[in-house]
>>> print(open('data.pdb').read())   # PDB, C-alpha atoms and all ligand atoms
ATOM      1  CA  MET P  19      97.595 104.952  75.657  1.00  0.00           C
ATOM      2  CA  LYS P  20      99.439 104.809  78.956  1.00  0.00           C
ATOM      3  CA  ARG P  21      97.030 104.520  81.879  1.00  0.00           C
ATOM      4  CA  ILE P  22      98.027 102.719  85.029  1.00  0.00           C
ATOM      5  CA  PHE P  23      95.986 100.786  87.555  1.00  0.00           C
ATOM      6  CA  ASP P  24      98.411  99.794  90.306  1.00  0.00           C
ATOM      7  CA  ILE P  25      97.081  96.746  92.190  1.00  0.00           C
ATOM      8  CA  HIS P  26     100.000  96.318  94.628  1.00  0.00           C
ATOM      9  CA  SER P  27     101.258  99.126  96.901  1.00  0.00           C
ATOM     10  CA  HIS P  28     102.423  99.782 100.453  1.00  0.00           C
ATOM     11  CA  ILE P  29     101.692 103.461 100.844  1.00  0.00           C
ATOM     12  CA  LEU P  30      99.063 103.491 103.605  1.00  0.00           C
ATOM     13  CA  PRO P  31     100.597 105.181 106.662  1.00  0.00           C
ATOM     14  CA  ALA P  32     102.001 103.147 109.563  1.00  0.00           C
ATOM     15  CA  VAL P  33     100.328  99.796 108.891  1.00  0.00           C
ATOM     16  CA  ASP P  34     103.384  97.937 107.549  1.00  0.00           C
ATOM     17  CA  ASP P  35     106.947  98.732 106.395  1.00  0.00           C
ATOM     18  CA  GLY P  36     105.758 100.884 103.467  1.00  0.00           C
ATOM     19  CA  SER P  37     105.271 104.367 104.891  1.00  0.00           C
ATOM     20  CA  PRO P  38     105.849 105.741 108.406  1.00  0.00           C
ATOM     21  CA  ASP P  39     103.298 108.583 108.412  1.00  0.00           C
ATOM     22  CA  MET P  40     100.520 110.422 106.541  1.00  0.00           C
ATOM     23  CA  GLU P  41     102.826 113.056 105.073  1.00  0.00           C
ATOM     24  CA  THR P  42     105.041 110.395 103.488  1.00  0.00           C
ATOM     25  CA  SER P  43     101.979 108.511 102.234  1.00  0.00           C
ATOM     26  CA  ILE P  44     100.637 111.591 100.462  1.00  0.00           C
ATOM     27  CA  ARG P  45     104.043 112.173  98.861  1.00  0.00           C
ATOM     28  CA  LEU P  46     104.278 108.546  97.683  1.00  0.00           C
ATOM     29  CA  LEU P  47     100.765 108.738  96.238  1.00  0.00           C
ATOM     30  CA  LYS P  48     101.609 111.952  94.361  1.00  0.00           C
ATOM     31  CA  GLU P  49     104.618 110.162  92.871  1.00  0.00           C
ATOM     32  CA  GLU P  50     102.354 107.334  91.700  1.00  0.00           C
ATOM     33  CA  VAL P  51      99.919 109.811  90.125  1.00  0.00           C
ATOM     34  CA  SER P  52     102.766 111.631  88.356  1.00  0.00           C
ATOM     35  CA  GLU P  53     103.625 108.319  86.651  1.00  0.00           C
ATOM     36  CA  GLY P  54     100.107 108.068  85.224  1.00  0.00           C
ATOM     37  CA  VAL P  55      98.371 106.060  87.967  1.00  0.00           C
ATOM     38  CA  THR P  56      94.617 106.753  87.945  1.00  0.00           C
ATOM     39  CA  ASP P  57      93.598 103.841  90.185  1.00  0.00           C
ATOM     40  CA  ILE P  58      95.452 102.181  93.019  1.00  0.00           C
ATOM     41  CA  ILE P  59      94.748  99.348  95.423  1.00  0.00           C
ATOM     42  CA  LEU P  60      96.395  99.875  98.807  1.00  0.00           C
ATOM     43  CA  THR P  61      97.677  96.475  99.854  1.00  0.00           C
ATOM     44  CA  PRO P  62      99.540  96.448 103.189  1.00  0.00           C
ATOM     45  CA  HIS P  63     101.306  93.244 104.191  1.00  0.00           C
ATOM     46  CA  TYR P  64      99.406  90.673 106.216  1.00  0.00           C
ATOM     47  CA  ARG P  65     101.807  88.063 107.485  1.00  0.00           C
ATOM     48  CA  LEU P  66     101.211  85.912 110.546  1.00  0.00           C
ATOM     49  CA  ASP P  67     104.756  86.053 111.938  1.00  0.00           C
ATOM     50  CA  MET P  68     105.540  89.654 111.041  1.00  0.00           C
ATOM     51  CA  PHE P  69     102.823  92.091 109.918  1.00  0.00           C
ATOM     52  CA  LEU P  70      99.604  91.629 111.821  1.00  0.00           C
ATOM     53  CA  THR P  71      97.720  94.916 111.532  1.00  0.00           C
ATOM     54  CA  PRO P  72      94.071  93.830 111.863  1.00  0.00           C
ATOM     55  CA  ALA P  73      91.731  94.393 108.925  1.00  0.00           C
ATOM     56  CA  THR P  74      89.595  96.754 111.038  1.00  0.00           C
ATOM     57  CA  THR P  75      92.630  99.007 111.662  1.00  0.00           C
ATOM     58  CA  VAL P  76      93.649  98.875 108.015  1.00  0.00           C
ATOM     59  CA  GLN P  77      90.097  99.918 107.042  1.00  0.00           C
ATOM     60  CA  LYS P  78      90.157 102.806 109.525  1.00  0.00           C
ATOM     61  CA  VAL P  79      93.529 104.071 108.244  1.00  0.00           C
ATOM     62  CA  PHE P  80      92.245 103.725 104.677  1.00  0.00           C
ATOM     63  CA  ASN P  81      89.276 105.983 105.504  1.00  0.00           C
ATOM     64  CA  GLU P  82      91.599 108.594 107.052  1.00  0.00           C
ATOM     65  CA  PHE P  83      93.901 108.412 104.030  1.00  0.00           C
ATOM     66  CA  GLU P  84      90.937 108.837 101.658  1.00  0.00           C
ATOM     67  CA  SER P  85      89.851 112.072 103.313  1.00  0.00           C
ATOM     68  CA  GLU P  86      93.440 113.382 103.367  1.00  0.00           C
ATOM     69  CA  VAL P  87      93.736 112.600  99.638  1.00  0.00           C
ATOM     70  CA  ALA P  88      90.490 114.510  98.993  1.00  0.00           C
ATOM     71  CA  LYS P  89      91.771 117.472 101.056  1.00  0.00           C
ATOM     72  CA  ASN P  90      94.958 117.516  98.953  1.00  0.00           C
ATOM     73  CA  ASP P  91      92.816 117.411  95.806  1.00  0.00           C
ATOM     74  CA  ILE P  92      94.676 114.410  94.345  1.00  0.00           C
ATOM     75  CA  LYS P  93      92.714 112.891  91.477  1.00  0.00           C
ATOM     76  CA  VAL P  94      92.963 109.142  91.883  1.00  0.00           C
ATOM     77  CA  ASN P  95      90.624 106.247  92.690  1.00  0.00           C
ATOM     78  CA  LEU P  96      91.583 104.392  95.864  1.00  0.00           C
ATOM     79  CA  TYR P  97      90.700 100.815  96.773  1.00  0.00           C
ATOM     80  CA  LEU P  98      91.676  98.603  99.674  1.00  0.00           C
ATOM     81  CA  GLY P  99      93.152  95.109  99.879  1.00  0.00           C
ATOM     82  CA  GLN P 100      96.064  93.311 101.540  1.00  0.00           C
ATOM     83  CA  GLU P 101      99.104  91.347 100.415  1.00  0.00           C
ATOM     84  CA  LEU P 102      98.610  87.958 102.063  1.00  0.00           C
ATOM     85  CA  HIS P 103     101.702  85.946 102.923  1.00  0.00           C
ATOM     86  CA  TYR P 104     100.887  82.272 102.443  1.00  0.00           C
ATOM     87  CA  ALA P 105     100.115  80.162 105.502  1.00  0.00           C
ATOM     88  CA  LYS P 106      97.615  77.328 105.957  1.00  0.00           C
ATOM     89  CA  GLU P 107      95.557  79.660 108.169  1.00  0.00           C
ATOM     90  CA  MET P 108      95.069  82.226 105.399  1.00  0.00           C
ATOM     91  CA  LEU P 109      92.016  80.639 103.754  1.00  0.00           C
ATOM     92  CA  PRO P 110      89.959  80.520 106.993  1.00  0.00           C
ATOM     93  CA  LEU P 111      91.115  84.074 107.804  1.00  0.00           C
ATOM     94  CA  ILE P 112      89.797  85.258 104.430  1.00  0.00           C
ATOM     95  CA  LYS P 113      86.470  83.527 105.078  1.00  0.00           C
ATOM     96  CA  GLU P 114      86.232  85.198 108.500  1.00  0.00           C
ATOM     97  CA  LYS P 115      87.038  88.536 106.791  1.00  0.00           C
ATOM     98  CA  LYS P 116      90.127  88.918 108.987  1.00  0.00           C
ATOM     99  CA  ALA P 117      92.293  88.925 105.848  1.00  0.00           C
ATOM    100  CA  LEU P 118      91.203  91.226 103.014  1.00  0.00           C
ATOM    101  CA  THR P 119      90.620  90.393  99.360  1.00  0.00           C
ATOM    102  CA  LEU P 120      91.072  93.091  96.690  1.00  0.00           C
ATOM    103  CA  ASN P 121      88.265  95.636  97.128  1.00  0.00           C
ATOM    104  CA  GLY P 122      85.901  92.953  98.424  1.00  0.00           C
ATOM    105  CA  THR P 123      86.167  90.814  95.244  1.00  0.00           C
ATOM    106  CA  ASN P 124      87.167  87.143  95.266  1.00  0.00           C
ATOM    107  CA  TYR P 125      90.735  88.026  94.131  1.00  0.00           C
ATOM    108  CA  ILE P 126      93.666  88.129  96.567  1.00  0.00           C
ATOM    109  CA  LEU P 127      97.338  89.093  96.362  1.00  0.00           C
ATOM    110  CA  LEU P 128      99.232  85.996  97.478  1.00  0.00           C
ATOM    111  CA  GLU P 129     102.906  86.117  98.455  1.00  0.00           C
ATOM    112  CA  PHE P 130     104.870  82.910  98.801  1.00  0.00           C
ATOM    113  CA  SER P 131     107.790  82.373 101.157  1.00  0.00           C
ATOM    114  CA  TRP P 132     110.986  84.158 100.169  1.00  0.00           C
ATOM    115  CA  HIS P 133     113.406  81.311 100.787  1.00  0.00           C
ATOM    116  CA  ILE P 134     111.547  78.043 101.051  1.00  0.00           C
ATOM    117  CA  LYS P 135     109.814  76.760  97.989  1.00  0.00           C
ATOM    118  CA  PRO P 136     106.225  75.769  98.829  1.00  0.00           C
ATOM    119  CA  GLU P 137     105.974  71.990  98.650  1.00  0.00           C
ATOM    120  CA  ASN P 138     103.192  71.840  96.103  1.00  0.00           C
ATOM    121  CA  PRO P 139     102.359  75.332  94.849  1.00  0.00           C
ATOM    122  CA  SER P 140      99.679  74.133  92.385  1.00  0.00           C
ATOM    123  CA  GLN P 141      97.881  72.311  95.199  1.00  0.00           C
ATOM    124  CA  ILE P 142      97.913  75.503  97.288  1.00  0.00           C
ATOM    125  CA  ILE P 143      96.410  77.466  94.390  1.00  0.00           C
ATOM    126  CA  LYS P 144      93.814  74.745  93.781  1.00  0.00           C
ATOM    127  CA  GLU P 145      92.668  74.875  97.388  1.00  0.00           C
ATOM    128  CA  PHE P 146      91.987  78.607  97.108  1.00  0.00           C
ATOM    129  CA  ILE P 147      90.217  78.178  93.751  1.00  0.00           C
ATOM    130  CA  ASP P 148      88.068  75.322  95.109  1.00  0.00           C
ATOM    131  CA  ASN P 149      86.963  77.737  97.831  1.00  0.00           C
ATOM    132  CA  GLY P 150      86.064  80.486  95.365  1.00  0.00           C
ATOM    133  CA  ILE P 151      89.191  82.609  95.899  1.00  0.00           C
ATOM    134  CA  ILE P 152      91.431  83.508  92.948  1.00  0.00           C
ATOM    135  CA  PRO P 153      95.084  84.088  93.926  1.00  0.00           C
ATOM    136  CA  ILE P 154      97.183  86.662  92.120  1.00  0.00           C
ATOM    137  CA  VAL P 155     100.698  85.452  92.896  1.00  0.00           C
ATOM    138  CA  VAL P 156     102.941  88.462  93.526  1.00  0.00           C
ATOM    139  CA  HIS P 157     106.493  89.027  92.270  1.00  0.00           C
ATOM    140  CA  TYR P 158     107.368  85.348  91.729  1.00  0.00           C
ATOM    141  CA  GLU P 159     110.319  86.584  89.661  1.00  0.00           C
ATOM    142  CA  ARG P 160     112.052  87.654  92.910  1.00  0.00           C
ATOM    143  CA  PHE P 161     112.122  84.214  94.544  1.00  0.00           C
ATOM    144  CA  PRO P 162     115.317  82.121  94.295  1.00  0.00           C
ATOM    145  CA  TYR P 163     113.458  78.843  93.650  1.00  0.00           C
ATOM    146  CA  LYS P 164     111.320  80.114  90.760  1.00  0.00           C
ATOM    147  CA  THR P 165     110.852  78.122  87.563  1.00  0.00           C
ATOM    148  CA  ILE P 166     108.765  78.804  84.485  1.00  0.00           C
ATOM    149  CA  ASP P 167     107.358  75.255  84.774  1.00  0.00           C
ATOM    150  CA  ASP P 168     105.939  75.985  88.246  1.00  0.00           C
ATOM    151  CA  ILE P 169     104.267  79.120  86.920  1.00  0.00           C
ATOM    152  CA  VAL P 170     102.719  77.179  84.039  1.00  0.00           C
ATOM    153  CA  GLU P 171     101.418  74.533  86.475  1.00  0.00           C
ATOM    154  CA  MET P 172      99.918  77.165  88.787  1.00  0.00           C
ATOM    155  CA  LYS P 173      98.286  78.968  85.865  1.00  0.00           C
ATOM    156  CA  LYS P 174      96.723  75.677  84.725  1.00  0.00           C
ATOM    157  CA  VAL P 175      94.759  75.507  87.976  1.00  0.00           C
ATOM    158  CA  GLY P 176      93.744  79.175  87.821  1.00  0.00           C
ATOM    159  CA  ALA P 177      96.447  81.389  89.348  1.00  0.00           C
ATOM    160  CA  LEU P 178      97.186  84.836  87.953  1.00  0.00           C
ATOM    161  CA  PHE P 179     100.636  86.470  88.138  1.00  0.00           C
ATOM    162  CA  GLN P 180     101.767  89.986  89.057  1.00  0.00           C
ATOM    163  CA  VAL P 181     105.321  91.122  88.287  1.00  0.00           C
ATOM    164  CA  ASN P 182     106.997  94.186  89.831  1.00  0.00           C
ATOM    165  CA  ALA P 183     107.778  97.042  87.440  1.00  0.00           C
ATOM    166  CA  TYR P 184     111.236  97.501  88.967  1.00  0.00           C
ATOM    167  CA  SER P 185     112.044  93.793  88.472  1.00  0.00           C
ATOM    168  CA  LEU P 186     111.437  94.241  84.780  1.00  0.00           C
ATOM    169  CA  MET P 187     113.789  97.245  84.759  1.00  0.00           C
ATOM    170  CA  GLY P 188     116.630  95.314  86.402  1.00  0.00           C
ATOM    171  CA  VAL P 189     116.665  97.485  89.539  1.00  0.00           C
ATOM    172  CA  GLU P 190     117.326  94.356  91.573  1.00  0.00           C
ATOM    173  CA  ARG P 191     119.355  91.414  90.270  1.00  0.00           C
ATOM    174  CA  GLU P 192     119.691  91.166  86.521  1.00  0.00           C
ATOM    175  CA  GLU P 193     118.588  87.507  86.519  1.00  0.00           C
ATOM    176  CA  ARG P 194     115.218  88.632  87.910  1.00  0.00           C
ATOM    177  CA  MET P 195     114.864  90.995  84.955  1.00  0.00           C
ATOM    178  CA  PHE P 196     115.659  88.209  82.487  1.00  0.00           C
ATOM    179  CA  PHE P 197     113.163  85.926  84.225  1.00  0.00           C
ATOM    180  CA  ALA P 198     110.468  88.641  84.135  1.00  0.00           C
ATOM    181  CA  GLU P 199     111.176  89.168  80.422  1.00  0.00           C
ATOM    182  CA  ASP P 200     110.788  85.421  79.850  1.00  0.00           C
ATOM    183  CA  MET P 201     107.460  85.479  81.674  1.00  0.00           C
ATOM    184  CA  LEU P 202     106.356  88.423  79.548  1.00  0.00           C
ATOM    185  CA  LYS P 203     107.340  86.858  76.227  1.00  0.00           C
ATOM    186  CA  ASN P 204     105.611  83.596  77.205  1.00  0.00           C
ATOM    187  CA  GLY P 205     102.370  85.369  78.091  1.00  0.00           C
ATOM    188  CA  LEU P 206     102.617  84.411  81.771  1.00  0.00           C
ATOM    189  CA  ILE P 207     102.117  87.894  83.293  1.00  0.00           C
ATOM    190  CA  ASP P 208      98.635  89.208  84.100  1.00  0.00           C
ATOM    191  CA  PHE P 209      99.527  92.421  85.964  1.00  0.00           C
ATOM    192  CA  ILE P 210     102.552  94.701  86.303  1.00  0.00           C
ATOM    193  CA  SER P 211     102.519  96.839  89.456  1.00  0.00           C
ATOM    194  CA  ALA P 212     104.834  99.009  91.517  1.00  0.00           C
ATOM    195  CA  ASP P 213     104.804  97.245  94.942  1.00  0.00           C
ATOM    196  CA  TYR P 214     105.789 100.711  96.115  1.00  0.00           C
ATOM    197  CA  HIS P 215     107.389 101.278  99.526  1.00  0.00           C
ATOM    198  CA  LYS P 216     109.202 104.398 100.720  1.00  0.00           C
ATOM    199  CA  GLY P 217     112.780 104.205  99.475  1.00  0.00           C
ATOM    200  CA  LYS P 218     112.022 101.802  96.607  1.00  0.00           C
ATOM    201  CA  ARG P 219     111.785 102.713  92.944  1.00  0.00           C
ATOM    202  CA  LEU P 220     108.495 103.106  91.061  1.00  0.00           C
ATOM    203  CA  GLU P 221     109.643 102.487  87.466  1.00  0.00           C
ATOM    204  CA  LEU P 222     106.057 102.297  86.131  1.00  0.00           C
ATOM    205  CA  THR P 223     106.585 104.536  83.102  1.00  0.00           C
ATOM    206  CA  ASN P 224     109.894 102.885  82.218  1.00  0.00           C
ATOM    207  CA  ALA P 225     108.372  99.416  82.549  1.00  0.00           C
ATOM    208  CA  TYR P 226     105.327 100.417  80.469  1.00  0.00           C
ATOM    209  CA  ASN P 227     107.572 101.677  77.682  1.00  0.00           C
ATOM    210  CA  LYS P 228     109.689  98.534  77.857  1.00  0.00           C
ATOM    211  CA  VAL P 229     106.611  96.282  77.618  1.00  0.00           C
ATOM    212  CA  VAL P 230     105.370  98.285  74.605  1.00  0.00           C
ATOM    213  CA  SER P 231     108.706  97.775  72.869  1.00  0.00           C
ATOM    214  CA  LEU P 232     108.908  94.045  73.708  1.00  0.00           C
ATOM    215  CA  VAL P 233     105.321  92.859  73.123  1.00  0.00           C
ATOM    216  CA  GLY P 234     103.313  95.849  71.884  1.00  0.00           C
ATOM    217  CA  GLU P 235     100.943  98.464  73.217  1.00  0.00           C
ATOM    218  CA  LYS P 236      97.863  96.231  73.308  1.00  0.00           C
ATOM    219  CA  THR P 237      99.487  93.837  75.787  1.00  0.00           C
ATOM    220  CA  ALA P 238     100.988  96.720  77.785  1.00  0.00           C
ATOM    221  CA  ASP P 239      97.541  98.258  78.254  1.00  0.00           C
ATOM    222  CA  LYS P 240      96.195  94.911  79.499  1.00  0.00           C
ATOM    223  CA  LEU P 241      99.004  94.343  81.998  1.00  0.00           C
ATOM    224  CA  PHE P 242      99.088  97.898  83.364  1.00  0.00           C
ATOM    225  CA  TYR P 243      95.386  98.781  83.292  1.00  0.00           C
ATOM    226  CA  LEU P 244      92.690  96.725  81.591  1.00  0.00           C
ATOM    227  CA  ASN P 245      93.145  93.401  83.437  1.00  0.00           C
ATOM    228  CA  ALA P 246      92.982  95.238  86.772  1.00  0.00           C
ATOM    229  CA  LYS P 247      89.870  97.154  85.728  1.00  0.00           C
ATOM    230  CA  ASP P 248      88.336  93.814  84.778  1.00  0.00           C
ATOM    231  CA  ILE P 249      88.798  92.076  88.127  1.00  0.00           C
ATOM    232  CA  LEU P 250      87.166  94.944  90.015  1.00  0.00           C
ATOM    233  CA  LYS P 251      83.998  94.432  88.004  1.00  0.00           C
ATOM    234  CA  ARG P 252      83.571  90.962  89.460  1.00  0.00           C
TER
HETATM  235 FE    FE A   1     104.298  93.951  98.388  1.00  0.00          FE
END
>>> encode(input="data.pdb", output="structure tokens", more="lines below")
Ligand SMILES: [Fe+2]
Amino acid sequence: MKRIFDIHSHILPAVDDGSPDMETSIRLLKEEVSEGVTDIILTPHYRLDMFLTPATTVQKVFNEFESEVAKNDIKVNLYLGQELHYAKEMLPLIKEKKALTLNGTNYILLEFSWHIKPENPSQIIKEFIDNGIIPIVVHYERFPYKTIDDIVEMKKVGALFQVNAYSLMGVEREERMFFAEDMLKNGLIDFISADYHKGKRLELTNAYNKVVSLVGEKTADKLFYLNAKDILKR
């Protein structure tokens, strides 16, 4: 049964490049709900050289958004997190609670550099794990330096992987779609999410149907809902 728990989204108003104002945010959320989203983690960018909205501000905007969602009578469970762009400083920032985990758990969304391959990605993952933080690496399929071998190595030391729904639908480059399909068929994806920003495409329903046809409904339900539900329990 299609149910969607979206763990990666940029629809909080005016905290990053996702949505400029409350009205847009409510519209984007309604679009998510119309695709079957029952639960969503709001994960604005946190990036030291670019997006620096402090966690206290993000929390305040989240509270305002929550009451606006209630006023609009939108039936959806909201949670808060951030998408953390990798830097050496990120681990101490998490410990100081200046960078947010997913809903206060020990899971984080971790984004690697777009153009420069991290020198030793497995070592980076291991350092987080050794400090009790479990990285969910976001949309690795979009990076030019990606290899399946690197993903396997990172998974060996405990990383989880989130793929964007629109990557799987070939909305961006076709090679990213083929790579995402390879990840799927090799059991290397843990979550499929929208990474929704204003002006991007959601593609959740299309991606769900595609996953059902490629690897079956049981796996689709894990990647779109059950695995996410699971991490919030911890
Ligand atoms: Fe994102």
>>> residues_around(input="data.pdb", residues="region 47-58 of chain P", least_positions_apart="6", cutoff="7 Å", atoms="all atoms listed in the file", output="ChimeraX atom specification")
/P:21-25,94-97,222-223
>>> residues_near_ligand(input="data.pdb", ligand="ligand FE 1 (chain A)", cutoff="9 Å", atoms="all atoms listed in the file", output="list in words")
His26, Ser27, His28, Gly36, Thr61, Pro62, His63, Gln100, Glu101, Leu127, Glu129, Val156, His157, Asn182, Ala212, Asp213, Tyr214 and His215 of chain P
>>> resolve_selection(input="data.pdb", expression="the PyMOL selection byres (((chain P and resi 90) around 12) and not hetatm)", output="PyMOL selection string")
chain P and resi 40-41+43-45+47-48+83-89+91-94
>>> residues_around(input="data.pdb", residues="region 140-150 of chain P", least_positions_apart="3", cutoff="12 Å", atoms="all atoms listed in the file", output="PyMOL selection string")
chain P and resi 104-110+112-113+119+123-130+135-137+153-155+167-179
>>> residues_around(input="data.pdb", residues="Ala73 (chain P)", least_positions_apart="3", cutoff="10 Å", atoms="all atoms listed in the file", output="list in words")
Pro62, Tyr64, Leu70, Val76, Gln77, Lys78, Val79, Gly99, Gln100, Lys115, Lys116, Ala117 and Leu118 of chain P
>>> atom_distance(input="data.pdb", atom1="CA of Asp67 (chain P)", atom2="CA of Tyr158 (chain P)")
20.4 Å
>>> residues_around(input="data.pdb", residues="Leu241 (chain P)", least_positions_apart="5", cutoff="6 Å", atoms="all atoms listed in the file", output="list in words")
Asp208, Phe209 and Ile210 of chain P
>>> closest_residue(input="data.pdb", among="P:Glu114, P:Asn224, P:Ser211, P:Arg160", to="Trp132 (chain P)", atoms="all atoms listed in the file")
P:Arg160
>>> closest_residue(input="data.pdb", among="P:Leu60, P:Ala32, P:Met68, P:Leu202", to="Ser231 (chain P)", atoms="only C-alpha atoms")
P:Leu202
>>> closest_residue(input="data.pdb", among="P:Glu159, P:Asp248, P:Glu221, P:Asp200", to="Tyr184 (chain P)", atoms="all atoms listed in the file")
P:Glu221
>>> atom_distance(input="data.pdb", atom1="CA of Pro72 (chain P)", atom2="CA of Leu102 (chain P)")
12.3 Å
>>> residues_near_point(input="data.pdb", point="(114.9, 79.2, 93.2)", cutoff="9 Å", atoms="all atoms listed in the file", output="ChimeraX atom specification")
/P:133-135,160-165
>>> atom_distance(input="data.pdb", atom1="CA of Lys203 (chain P)", atom2="CA of Met19 (chain P)")
20.6 Å
>>> closest_residue(input="data.pdb", among="P:Asn204, P:Ser185, P:Pro139, P:Phe196", to="Ala225 (chain P)", atoms="all atoms listed in the file")
P:Ser185
>>> closest_residue(input="data.pdb", among="P:Ala246, P:Leu186, P:Met195, P:Met201", to="Asn227 (chain P)", atoms="only C-alpha atoms")
P:Leu186
>>> decode(input="data.pdb", residues="region 178-199 of chain P", atoms="N, CA and C atoms", output="short mmCIF file (atom, residue, chain, number, x, y, z; two decimals), in the first residue's frame")
data_model
loop_
_atom_site.label_atom_id
_atom_site.label_comp_id
_atom_site.auth_asym_id
_atom_site.auth_seq_id
_atom_site.Cartn_x
_atom_site.Cartn_y
_atom_site.Cartn_z
N LEU P 178 23.82 4.91 5.70
CA LEU P 178 22.58 4.61 4.99
C LEU P 178 22.50 5.57 3.79
N PHE P 179 21.68 5.23 2.80
CA PHE P 179 21.63 6.04 1.57
C PHE P 179 20.20 6.44 1.20
N GLN P 180 20.05 7.73 0.89
CA GLN P 180 18.77 8.28 0.43
C GLN P 180 18.93 8.73 -1.02
N VAL P 181 18.01 8.29 -1.86
CA VAL P 181 18.01 8.68 -3.28
C VAL P 181 16.81 9.59 -3.53
N ASN P 182 16.97 10.57 -4.43
CA ASN P 182 15.85 11.46 -4.76
C ASN P 182 14.88 10.78 -5.73
N ALA P 183 13.59 10.95 -5.46
CA ALA P 183 12.56 10.36 -6.32
C ALA P 183 12.74 10.84 -7.77
N TYR P 184 13.02 12.13 -7.95
CA TYR P 184 13.12 12.64 -9.33
C TYR P 184 14.37 12.12 -10.05
N SER P 185 15.42 11.75 -9.28
CA SER P 185 16.58 11.13 -9.94
C SER P 185 16.17 9.81 -10.58
N LEU P 186 15.39 9.06 -9.83
CA LEU P 186 14.95 7.75 -10.29
C LEU P 186 14.04 7.86 -11.52
N MET P 187 13.38 9.01 -11.68
CA MET P 187 12.48 9.21 -12.81
C MET P 187 13.18 9.88 -13.99
N GLY P 188 14.49 10.11 -13.86
CA GLY P 188 15.23 10.67 -15.00
C GLY P 188 14.92 12.14 -15.27
N VAL P 189 14.45 12.86 -14.25
CA VAL P 189 14.14 14.28 -14.43
C VAL P 189 15.42 15.07 -14.69
N GLU P 190 16.49 14.66 -14.02
CA GLU P 190 17.80 15.26 -14.32
C GLU P 190 18.48 14.37 -15.38
N ARG P 191 19.80 14.30 -15.33
CA ARG P 191 20.48 13.52 -16.37
C ARG P 191 20.10 12.03 -16.31
N GLU P 192 20.01 11.45 -17.51
CA GLU P 192 19.64 10.05 -17.60
C GLU P 192 20.62 9.14 -16.87
N GLU P 193 21.92 9.49 -16.91
CA GLU P 193 22.91 8.61 -16.25
C GLU P 193 22.66 8.55 -14.75
N ARG P 194 22.08 9.60 -14.17
CA ARG P 194 21.75 9.57 -12.74
C ARG P 194 20.62 8.57 -12.48
N MET P 195 19.69 8.52 -13.43
CA MET P 195 18.58 7.55 -13.31
C MET P 195 19.13 6.11 -13.39
N PHE P 196 20.03 5.87 -14.35
CA PHE P 196 20.58 4.52 -14.47
C PHE P 196 21.36 4.15 -13.21
N PHE P 197 22.09 5.12 -12.67
CA PHE P 197 22.87 4.85 -11.45
C PHE P 197 21.93 4.54 -10.28
N ALA P 198 20.85 5.34 -10.16
CA ALA P 198 19.88 5.11 -9.08
C ALA P 198 19.23 3.73 -9.24
N GLU P 199 18.95 3.34 -10.48
CA GLU P 199 18.37 2.01 -10.72
C GLU P 199 19.34 0.91 -10.31
#
